[in-house]
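Written below as structure tokens is the structure these notes are about.
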Amino acid sequence: MNTLSYKTVSANKATANKEWVVVDAEGQPLGRLASTVAKILRGKHKTNFTPHVDCGDNVIVLNAGKITLSGNKWADKTYIWHTGYPGGQKSMTAAELQKKDSLKVLEKSVKGMLPKNRLGSALLKNLYLYEGTEHKHEAQQPKTINVNEFK
């Protein structure tokens, strides 16, 4: 019997084929865009997906500040954190966070969909957010994908 035919192949840092992709976020809903970007960062769309290895692609998001939220989420959605001091709970609405730093809304959303460990931190470093349509990664020859048609 050929025992090599049914062995599970795990990807590692050397065998992971990482690519560069460009996503246009203009007019996209926040959650749907963030879940697609997180899936690409994690590498779940690849056949050699391995849960404990960074085998996902590098993602460049253009127009990251032009995402949309439905309903009253700009006013109702709150981001809460604690400073560590007594009575140090702070909060900010999505509109306030968008005004302060328009890229943070998408970054926080994607970060929440990644693993909460060292792998998640490493995966987040593969995300590049830009305000406009220009980016500095032309040398990597990224391919453009449409998140609405991505499976």
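Residue numbering restarts at 1 in every chain; chains get A, B, ... in the order shown in the structure tokens, and ligands count up from 1 in that same order.
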Could you produce a table of the residues of range 48-84 of chain A lying within 10 Å of range 137-146 of chain A, with the nearest pair of atoms per residue and their separation in Å rounded to one decimal, using only C-alpha atoms, ordered by chain and increasing residue number, as JSON lines?
```
{"residue": "A:Asn58", "atom": "CA", "partner": "A:Pro142", "partner_atom": "CA", "distance": 8.9}
{"residue": "A:Val59", "atom": "CA", "partner": "A:Pro142", "partner_atom": "CA", "distance": 8.8}
{"residue": "A:Ile60", "atom": "CA", "partner": "A:His137", "partner_atom": "CA", "distance": 8.3}
```
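Residue nearest Thr68 in chain A within the list A:Val110, A:Ala11, A:Leu33, A:Ala16: A:Leu33 [criterion: smallest interatomic distance, only C-alpha atoms].
Among the candidate residues A:His52, A:Lys46, A:Lys7, A:Lys66, the one lying nearest to Pro115 in chain A is A:His52, with distances computed using only C-alpha atoms.
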Cut-off 10 Å: closest range 97-139 of chain A/range 79-88 of chain A atom pairs per residue, using only C-alpha atoms, as JSON lines:
```
{"residue": "A:Leu97", "atom": "CA", "partner": "A:Tyr79", "partner_atom": "CA", "distance": 8.4}
{"residue": "A:Val105", "atom": "CA", "partner": "A:Tyr79", "partner_atom": "CA", "distance": 9.4}
{"residue": "A:Lys108", "atom": "CA", "partner": "A:Tyr79", "partner_atom": "CA", "distance": 9.2}
```
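Counting only C-alpha atoms and comparing A:Gly56, A:Pro51, A:Gly132, A:Gly65, the residue that lies closest to Gln28 in chain A is A:Gly65.
The residue that comes closest to Val37 in chain A, out of A:Ala14, A:Met92, A:Leu114, A:Ile67 and on the basis of only C-alpha atoms, is A:Leu114.
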- request: Can you work out which one of A:Ser10, A:Asn148, A:Ser35, A:Asn63 has the shortest atom-to-atom distance to Thr47 in chain A, counting only C-alpha atoms?
  value: A:Ser10
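Taking only range 70-118 of chain A, the residues that DSSP calls strand (DSSP E) from the backbone come to Thr78, Tyr79, Ile80, Trp81, His82, Gln89, Lys90, Ser91, Met92 and Thr93 of chain A.
Per DSSP on the backbone, alpha helix (DSSP H) in range 36-106 of chain A comprises Thr36, Val37, Ala38, Lys39, Ile40, Leu41, Arg42, Lys73, Trp74, Ala75, Asp76, Ala94, Ala95, Glu96, Leu97, Gln98, Lys99, Lys100, Lys104, Val105 and Leu106 of chain A.
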